[in-house]
Each structure stands twice: as C-alpha cells, then as structure tokens.
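Q: Pasting a structure below so you can have a look.
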Amino acid sequence: MATMDVPDLPNAAAVALDPATTAVLVLDLSDVSTGQVPAAKESVPAIRKLLDRAREHGARVIFSLGRAPQEVVPELGRRENESIVKSSADKFFQTDLDQQLQGITHAVIVGTAANGAVLYTAFGACSRGIAVVVPEDGMSSRQPIATWVAKYQLLNQPGFTNAQNTPLQAKAVTISRTDLISFVKAKS
C-alpha cells in the first residue's frame, strides 16, 4: 500500500455566540451509542458542561436519535422543552429540524458518528445558510480515524470550505472545543 501525506489540521478556534440565535444540536448520544462507542461515552461530561452553559444563557437545545428504540443518555439532562428529532445520518432528512431552526444563524453540533450524523447534519445546516461550530471534544466515532476524517471533511466541505478554520465563517464549519465556546448576548 502506498503511503500518503496527511494534511495538518488547524487548531481549535475560540468562538463567542449570541444565545438568541444559536442552537446546540446533540446528535445520537443515546443509551445504545454510548454503550457501543467508548469515545461517545467519554465525550458526555464535556458536552454536559457545554449544554449547561447554553441553557443558562438561553440558547436552544435540540436532540436527535436514530430510528431504532433508544433514549437520550440521561447524563446530558435532557429537559422536557428540548425536542428530539429521529432520522438517519442527516438530521434534516424527513424531520422538522428546518422549522425548529427558524431564526437560528449559528448551530453548535456535537454527537456521535462524527463521520455520519455530525458530518451530514453540519453540511445540511451550512447549505441552509447556518454557520456551524463543531467542538472536537464533542464529536466521536467508533474509530479514531473516522473522527479525524470527519474533522478534515467538515473544514473542506464542497461549496462550504473553511480549511483555515476562520472562526464563525458564514455557511461553513468552525472547529472549536467545548471550553472555547462562550455565549454572549448581542448588544442592542
């Protein structure tokens, strides 16, 4: 097998988001996935801290699950007013996620299968004009290589490239970390 050069990926970027126009999408972190994907279970504490900050500042929180019987992992503390969409990898497919994101300009996307739900939902959000932030410690996959490939692809999406990881580039993904994401109300 031939060897190939693997490109360097840029460092995570700090971002400040207006909670009034931000949604946090928590994808497929279920009782099933966290039992099958150790990296998903390991990401839960960082995601919970992010969710607590987002909720405290009034950002919208939306969960997703696959179509199989499962529940949101209890450690994330899903609240009654936080909706759940059920779909395949693209969480916009055959759901009302479009309507739930009306008025949203930025989406923070966390979850497992980085190379599935995170990647395809991020592309769907960018194609709808939403800037996306994906914290690298908030995405996971069964295999570490799948997470690396997803990170590369998130920054190099066809039509929505942000290879330099410019923070909050319109209609593109910014790679961040949960501890580098802050919520700040916009000045009136």
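For the structure tokens, the naming scheme is as follows: chains receive sequential letters (A, B, ...) according to their order of presentation, residues are indexed from 1 within each chain, and ligands are indexed from 1 in presentation order.
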Select from region 21-74 of chain A everything DSSP, run on the backbone, classes as helix (DSSP H, G or I), then give the selection as a list of chain:residue names.

A: A:Thr21, A:Asp31, A:Val32, A:Ser33, A:Thr34, A:Gly35, A:Gln36, A:Pro38, A:Ala39, A:Ala40, A:Lys41, A:Glu42, A:Ser43, A:Val44, A:Pro45, A:Ala46, A:Ile47, A:Arg48, A:Lys49, A:Leu50, A:Leu51, A:Asp52, A:Arg53, A:Ala54, A:Arg55, A:Glu56, A:His57, A:Pro74

Q: Within 10 Å of region 107-110 of chain A, which residues of region 149-187 of chain A come that close, and what is the closest atom pair and distance in Å for each? Count only C-alpha atoms and give it as JSON lines.

A:
```
{"residue": "A:Val173", "atom": "CA", "partner": "A:Val108", "partner_atom": "CA", "distance": 9.4}
{"residue": "A:Thr174", "atom": "CA", "partner": "A:Val108", "partner_atom": "CA", "distance": 9.4}
{"residue": "A:Ile175", "atom": "CA", "partner": "A:Val108", "partner_atom": "CA", "distance": 9.9}
{"residue": "A:Ser176", "atom": "CA", "partner": "A:Val108", "partner_atom": "CA", "distance": 9.6}
{"residue": "A:Thr178", "atom": "CA", "partner": "A:Val110", "partner_atom": "CA", "distance": 9.4}
{"residue": "A:Ile181", "atom": "CA", "partner": "A:Val108", "partner_atom": "CA", "distance": 9.1}
```

Q: Write out as CSV a residue-level contact list of region 95-159 of chain A versus region 80-85 of chain A with cut-off 9 Å: for each qualifying residue the closest pair of atoms and the distance in Å to one decimal, counting only C-alpha atoms, rows sorted by chain and residue number upward.

A:
```
residue,atom,partner,partner_atom,distance
A:Thr95,CA,A:Val85,CA,6.3
A:Asp96,CA,A:Val85,CA,7.5
A:Leu97,CA,A:Val85,CA,7.0
A:Gln100,CA,A:Ser83,CA,8.9
```

Q: May I have the residues within 10 Å of region 114-125 of chain A as a PyMOL selection string, using only C-alpha atoms and disregarding those fewer than 4 positions away in the same chain?

A: chain A and resi 25-28+40+64-66+87-93+97-98+101+105-110+129-134+136+138-151+153-154+157-160+171-173
